[in-house]
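Notes follow the structure.
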Amino acid sequence: MQKYSQVRAMLAITKASLRAIFRSPSAVIFSFVFPFVFILVFGFIGNSGMAPVYKVAISADCDTSNAFYDSIKASSRIRIVTFANEAELEDNLIKGNVAGVLKIVKSGKSNPEYIYSIKSTNASSDKWPQLLPIFESISNRISNAKYAGRNSFAIPDFNPQRDIETVREYKTIDFILPGQLGFSLLSSGVFGVAFMFFNLRNTLVLKRFFATPISRTYIVLGEALSRVIFQMLTAIVIILVGRFLFGFTLINGFQTLLEMLVLSFIGLLVFMGMGFVVSGLAKNESTIPPFANLLTLPQFLLGGTFFSVDVFPKWLQPISNILPLTHLNTAMRSVAFEGQSLWDVRLEIGILLVWGIVVYFAAIKVFKWE
């Protein structure tokens with residue numbers, strides 16, 4: 001008599017579950033359709049200068065004892081950032097993480113009293129149309145308040161090129177696609193797993209499984225494996241469509257694709273744990289959406305899916321930085337555009353793993369088989 005194989009039984013469950021997922025309209029819509037709609041919309045819009053808050057570094061020889069600098073520092077549209085050294089500053093300029101480096105100097109004249117210049121790269125070219133009027137407005141406001149009837153208190157001192165260095169272009173799709181991939185992983189992990197296991201209990205499928213020799217562990221692994229396979233296929237399709245249709249940046253090509261898939265896998269495991277928690281808490285099918293939305297909606301809105309976390313009020317940013325989707329999105333953008341390795345984003349991965357431990361501990365406590 002042939003010995004019963006737990007692995008073969010698990011693979012049979014995986015195959016059947018995977019077929020059911022592909023036949024589920026909700027699974028296809030949340031995993032494929034919604035992300036593609038947003039990618040198409042933002043992809044065709046192009047570079048639109050997404051964030052209304054602009055990061056500006058200050059030159060080492062910048063005069064900071066003047067009203068112009070104080071007003072820039074107090075502006076809600078500009079955030080002054082500092083770096084440990086010149087190399088780190090140059091690296092952030094090349095990546096488009098800062099709009100430019102501001103330098104204010106005394107003109108040596110009474111009219112105008114100060115002049116300012118900005119060094120930047122074309123990676124921040126999407127920010128200039130919005131940033132320069134802010135500087136001009138600040139200058140005019142100071143001049144009108146303190147120097148009525150005179151020329152501007154601070155005027156821009158730009159050469160025709162504005163000291164712009166040419167680097168790799170940062171496109172809107174480079175921001176949007178990782179966020180939409182995270183959106184797909186979160187939706188599939190939470191809603192997909194919650195509804196799947198609840199329906200398996202409700203239709204007594206799990207009870208029938210218990211009548212067979214397969215262990216509970218392999219039942220969970222079989223169902224989870226089908227979800228992982230489906231979502232990894234989704235991730236590959238989303239990344240490749242973004243790459244070849246909209247020019248999404250995969251800085252190191254195939255290696256970057258593999259690194260993004262590793263991050264997707266880690267994120268999916270965390271989100272599936274949340275789905276197990278929802279499945280265990282739900283008393284009936286109608287209670288699943290409220291529980292699931294409680295976990296997913298804050299992450300959709302605050303996790304850097306559609307907008308940078310920097311655009312949120314300062315009191316809200318620490319909350320955003322706690323959410324696992326925020327760290328998944330940050331890690332994928334860093335790997336895809338900046339060329340960072342998985343080791344470079346180890347902090348984000350570590351936070352995701354901590355979340356994984358927490359959610360699976362909770363899942364074990366609340367998960368029910370019947």
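Within each chain, counting starts at residue 1; across the structure tokens, chains are named A, B, ... in the order shown, with ligands numbered 1 upward in that order.
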
With 8 Å as the cut-off and only C-alpha atoms counted, what is the closest atom pair between each nearby residue of stretch 183-262 of chain A and stretch 330-343 of chain A? Distances in Å to one decimal, ordered by chain and number, as a tab-separated table.
```
residue	atom	partner	partner_atom	distance
A:Thr249	CA	A:Phe337	CA	5.6
A:Leu250	CA	A:Ala336	CA	5.0
A:Ile251	CA	A:Gly339	CA	5.5
A:Asn252	CA	A:Gly339	CA	6.6
A:Thr256	CA	A:Ala336	CA	6.0
A:Leu257	CA	A:Ala336	CA	7.8
A:Glu259	CA	A:Leu342	CA	6.7
A:Met260	CA	A:Met332	CA	5.9
```

Query raised in the report: So which residues touch A:Ile351 within 12 Å, counting only C-alpha atoms, skipping near sequence neighbours fewer than 2 positions away, as a list in words?
Result: Ile266, Gly267, Val270, Asn321, Ile322, Leu323, Pro324, Leu325, Thr326, His327, Leu328, Thr330, Ala331, Val345, Arg346, Leu347, Glu348, Ile349, Leu353, Val354, Trp355, Gly356, Ile357 and Val358 of chain A

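When DSSP reads the backbone of this structure, the residues of stretch 286-318 of chain A it assigns to helix (DSSP H, G or I) are Ser286, Thr287, Ile288, Pro289, Pro290, Phe291, Ala292, Asn293, Leu294, Leu295, Thr296, Leu297, Pro298, Gln299, Phe300, Leu301, Leu302, Val309, Asp310, Val311, Gln317 and Pro318 of chain A.
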
Atoms kept (N, CA and C atoms) for selection, written as a PDB file, in the first residue's frame:
```
ATOM      1  N   SER A 286     -20.670  39.053   6.516  1.00  0.00           N
ATOM      2  CA  SER A 286     -20.895  40.501   6.443  1.00  0.00           C
ATOM      3  C   SER A 286     -19.982  41.294   7.368  1.00  0.00           C
ATOM      4  N   THR A 287     -19.365  40.626   8.335  1.00  0.00           N
ATOM      5  CA  THR A 287     -18.461  41.337   9.250  1.00  0.00           C
ATOM      6  C   THR A 287     -17.019  41.367   8.743  1.00  0.00           C
ATOM      7  N   ILE A 288     -16.737  40.626   7.676  1.00  0.00           N
ATOM      8  CA  ILE A 288     -15.367  40.610   7.148  1.00  0.00           C
ATOM      9  C   ILE A 288     -14.961  41.966   6.574  1.00  0.00           C
ATOM     10  N   PRO A 289     -15.766  42.595   5.701  1.00  0.00           N
ATOM     11  CA  PRO A 289     -15.337  43.888   5.146  1.00  0.00           C
ATOM     12  C   PRO A 289     -15.018  44.955   6.188  1.00  0.00           C
ATOM     13  N   PRO A 290     -15.843  45.134   7.250  1.00  0.00           N
ATOM     14  CA  PRO A 290     -15.478  46.162   8.241  1.00  0.00           C
ATOM     15  C   PRO A 290     -14.139  45.882   8.918  1.00  0.00           C
ATOM     16  N   PHE A 291     -13.916  44.614   9.314  1.00  0.00           N
ATOM     17  CA  PHE A 291     -12.646  44.269   9.947  1.00  0.00           C
ATOM     18  C   PHE A 291     -11.479  44.469   8.968  1.00  0.00           C
ATOM     19  N   ALA A 292     -11.666  44.012   7.727  1.00  0.00           N
ATOM     20  CA  ALA A 292     -10.601  44.123   6.730  1.00  0.00           C
ATOM     21  C   ALA A 292     -10.297  45.590   6.405  1.00  0.00           C
ATOM     22  N   ASN A 293     -11.345  46.395   6.255  1.00  0.00           N
ATOM     23  CA  ASN A 293     -11.131  47.817   5.961  1.00  0.00           C
ATOM     24  C   ASN A 293     -10.439  48.539   7.103  1.00  0.00           C
ATOM     25  N   LEU A 294     -10.685  48.080   8.320  1.00  0.00           N
ATOM     26  CA  LEU A 294     -10.033  48.679   9.483  1.00  0.00           C
ATOM     27  C   LEU A 294      -8.516  48.513   9.398  1.00  0.00           C
ATOM     28  N   LEU A 295      -8.084  47.409   8.796  1.00  0.00           N
ATOM     29  CA  LEU A 295      -6.659  47.154   8.660  1.00  0.00           C
ATOM     30  C   LEU A 295      -6.071  47.728   7.367  1.00  0.00           C
ATOM     31  N   THR A 296      -6.871  47.766   6.316  1.00  0.00           N
ATOM     32  CA  THR A 296      -6.326  48.156   5.003  1.00  0.00           C
ATOM     33  C   THR A 296      -6.505  49.626   4.664  1.00  0.00           C
ATOM     34  N   LEU A 297      -7.649  50.213   5.007  1.00  0.00           N
ATOM     35  CA  LEU A 297      -7.935  51.583   4.584  1.00  0.00           C
ATOM     36  C   LEU A 297      -6.909  52.592   5.097  1.00  0.00           C
ATOM     37  N   PRO A 298      -6.532  52.550   6.392  1.00  0.00           N
ATOM     38  CA  PRO A 298      -5.497  53.498   6.846  1.00  0.00           C
ATOM     39  C   PRO A 298      -4.189  53.343   6.072  1.00  0.00           C
ATOM     40  N   GLN A 299      -3.864  52.111   5.681  1.00  0.00           N
ATOM     41  CA  GLN A 299      -2.618  51.887   4.952  1.00  0.00           C
ATOM     42  C   GLN A 299      -2.722  52.388   3.516  1.00  0.00           C
ATOM     43  N   PHE A 300      -3.893  52.183   2.884  1.00  0.00           N
ATOM     44  CA  PHE A 300      -4.092  52.724   1.545  1.00  0.00           C
ATOM     45  C   PHE A 300      -3.883  54.236   1.524  1.00  0.00           C
ATOM     46  N   LEU A 301      -4.429  54.903   2.539  1.00  0.00           N
ATOM     47  CA  LEU A 301      -4.430  56.365   2.550  1.00  0.00           C
ATOM     48  C   LEU A 301      -3.129  56.954   3.077  1.00  0.00           C
ATOM     49  N   LEU A 302      -2.512  56.282   4.058  1.00  0.00           N
ATOM     50  CA  LEU A 302      -1.371  56.868   4.758  1.00  0.00           C
ATOM     51  C   LEU A 302      -0.051  56.170   4.473  1.00  0.00           C
ATOM     52  N   VAL A 309       4.640  60.366   1.974  1.00  0.00           N
ATOM     53  CA  VAL A 309       4.320  60.580   3.389  1.00  0.00           C
ATOM     54  C   VAL A 309       4.668  62.010   3.804  1.00  0.00           C
ATOM     55  N   ASP A 310       5.614  62.630   3.098  1.00  0.00           N
ATOM     56  CA  ASP A 310       6.052  63.991   3.441  1.00  0.00           C
ATOM     57  C   ASP A 310       4.944  65.033   3.289  1.00  0.00           C
ATOM     58  N   VAL A 311       3.901  64.731   2.508  1.00  0.00           N
ATOM     59  CA  VAL A 311       2.847  65.728   2.294  1.00  0.00           C
ATOM     60  C   VAL A 311       1.883  65.793   3.473  1.00  0.00           C
ATOM     61  N   GLN A 317       2.659  62.072  10.307  1.00  0.00           N
ATOM     62  CA  GLN A 317       3.744  61.310   9.701  1.00  0.00           C
ATOM     63  C   GLN A 317       4.258  60.160  10.569  1.00  0.00           C
ATOM     64  N   PRO A 318       4.383  60.315  11.899  1.00  0.00           N
ATOM     65  CA  PRO A 318       4.806  59.161  12.710  1.00  0.00           C
ATOM     66  C   PRO A 318       3.844  57.985  12.613  1.00  0.00           C
TER      67      PRO A 318
END
```

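Closest approach to A:Met274 from the set A:Leu102, A:Leu258, A:Cys62, A:Ala363 is made by A:Ala363, with distances taken over only C-alpha atoms.
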
Check which residues of stretch 214-272 of chain A sit at most 12 Å from stretch 16-27 of chain A using only C-alpha atoms, and return one row each with the closest pair of atoms and their distance in Å to one decimal, ordered by chain and rising number, as CSV.
```
residue,atom,partner,partner_atom,distance
A:Ile219,CA,A:Ser17,CA,10.8
A:Val220,CA,A:Ser17,CA,11.2
A:Leu221,CA,A:Ser17,CA,11.3
A:Gly222,CA,A:Ser17,CA,8.0
A:Glu223,CA,A:Ser17,CA,6.2
A:Ala224,CA,A:Ser17,CA,9.1
A:Leu225,CA,A:Leu18,CA,8.6
A:Ser226,CA,A:Leu18,CA,4.9
A:Arg227,CA,A:Leu18,CA,6.9
A:Val228,CA,A:Leu18,CA,9.4
A:Ile229,CA,A:Leu18,CA,7.9
A:Phe230,CA,A:Leu18,CA,6.9
A:Gln231,CA,A:Ala27,CA,9.8
A:Leu233,CA,A:Phe22,CA,11.3
A:Thr234,CA,A:Ala27,CA,10.8
```

Query raised in the report: Which residues come within 8 Å of A:Ile72, counting only C-alpha atoms, excluding same-chain residues fewer than 5 positions away, as a list in words?
Result: Ile78, Phe135 and Ile138 of chain A

Create the file for the chosen residues now, containing C-alpha atoms and written as an mmCIF file, in the first residue's frame.
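Wrote it out as result07.cif, contents follow:
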```cif
data_model
loop_
_atom_site.group_PDB
_atom_site.id
_atom_site.type_symbol
_atom_site.label_atom_id
_atom_site.label_comp_id
_atom_site.auth_asym_id
_atom_site.auth_seq_id
_atom_site.Cartn_x
_atom_site.Cartn_y
_atom_site.Cartn_z
ATOM 1 C CA ILE A 78 9.298 73.904 1.993
ATOM 2 C CA PHE A 135 10.683 81.601 -3.353
ATOM 3 C CA ILE A 138 8.467 84.939 -0.045
#
```

Query raised in the report: Could you pull the residues within 10 Å of A:Phe175, counting only C-alpha atoms, minus those fewer than 2 positions along the same chain, as a list in words?
Result: Phe42, Met50, Tyr170, Lys171, Thr172, Ile173, Leu177, Pro178, Gly179, Gln180, Phe248, Thr249, Gly304, Thr305, Phe306, Phe307, Ser308, Asn329, Thr330, Met332, Arg333, Ala336 and Phe337 of chain A

Query raised in the report: Per DSSP on the backbone, what are the strand (DSSP E) residues of stretch 89-146 of chain A, as a ChimeraX atom specification?
Result: /A:100-106,114-121

Could you take the residues named above and write them with N, CA and C atoms, as a CSV table (one decimal), in the first residue's frame?
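Final output, out.csv:
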```csv
chain,number,residue,atom,x,y,z
A,100,GLY,N,16.8,70.9,-4.3
A,100,GLY,CA,18.0,71.7,-4.7
A,100,GLY,C,18.7,72.1,-3.4
A,101,VAL,N,19.8,72.8,-3.6
A,101,VAL,CA,20.6,73.3,-2.5
A,101,VAL,C,20.6,74.8,-2.6
A,102,LEU,N,20.1,75.5,-1.6
A,102,LEU,CA,19.8,76.9,-1.5
A,102,LEU,C,21.1,77.6,-1.0
A,103,LYS,N,21.4,78.7,-1.6
A,103,LYS,CA,22.5,79.5,-1.1
A,103,LYS,C,22.1,81.0,-1.1
A,104,ILE,N,22.2,81.7,0.0
A,104,ILE,CA,21.8,83.1,0.2
A,104,ILE,C,23.0,83.8,0.6
A,105,VAL,N,23.3,84.9,-0.1
A,105,VAL,CA,24.5,85.7,0.2
A,105,VAL,C,24.1,87.2,0.2
A,106,LYS,N,24.8,88.0,0.9
A,106,LYS,CA,24.7,89.4,0.9
A,106,LYS,C,25.2,90.0,-0.4
A,114,TYR,N,20.0,91.0,-0.6
A,114,TYR,CA,20.5,89.6,-0.6
A,114,TYR,C,20.2,89.1,-2.0
A,115,ILE,N,20.9,88.1,-2.4
A,115,ILE,CA,20.6,87.3,-3.6
A,115,ILE,C,20.7,85.9,-3.3
A,116,TYR,N,20.0,85.1,-4.0
A,116,TYR,CA,20.0,83.6,-3.7
A,116,TYR,C,20.1,82.9,-5.0
A,117,SER,N,20.7,81.7,-4.9
A,117,SER,CA,20.9,80.8,-6.1
A,117,SER,C,20.6,79.4,-5.6
A,118,ILE,N,20.3,78.5,-6.5
A,118,ILE,CA,19.9,77.1,-6.2
A,118,ILE,C,20.7,76.2,-7.1
A,119,LYS,N,21.3,75.2,-6.6
A,119,LYS,CA,22.0,74.1,-7.3
A,119,LYS,C,21.1,72.9,-7.3
A,120,SER,N,20.9,72.3,-8.4
A,120,SER,CA,20.0,71.1,-8.5
A,120,SER,C,20.4,70.2,-9.6
A,121,THR,N,19.6,69.2,-9.9
A,121,THR,CA,19.7,68.3,-11.0
A,121,THR,C,18.4,68.2,-11.7
```

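Comparing the minimum interatomic distances between A:Ala362 and each of A:Gly273, A:Gly108, A:Pro213, A:Gly189, counting only C-alpha atoms, we find that A:Gly273 sits nearest.
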
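The closest residue to A:Ile80, picked from A:Ala57, A:Ser187, A:Ala67, A:Phe312 and counting only C-alpha atoms, is A:Ala57.
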
Query - Residues near A:Gly96, cut-off 8 Å, only C-alpha atoms, skip fewer than 2 positions along chain, as a list in words - result: Asn92, Leu93, Ile94, Val98, Ala99, Thr121, Asn122, Ala123, Ser124 and Tyr170 of chain A

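Among the candidate residues A:Phe361, A:Met232, A:Arg243, A:Gly275, the one lying nearest to A:Ser31 is A:Met232, with distances computed using only C-alpha atoms.
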
Query raised in the report: Given the choices A:Glu86, A:Leu181, A:Val53, A:Leu352, which gets closest to A:Lys127 if the distance is worked out from only C-alpha atoms?
Result: A:Val53
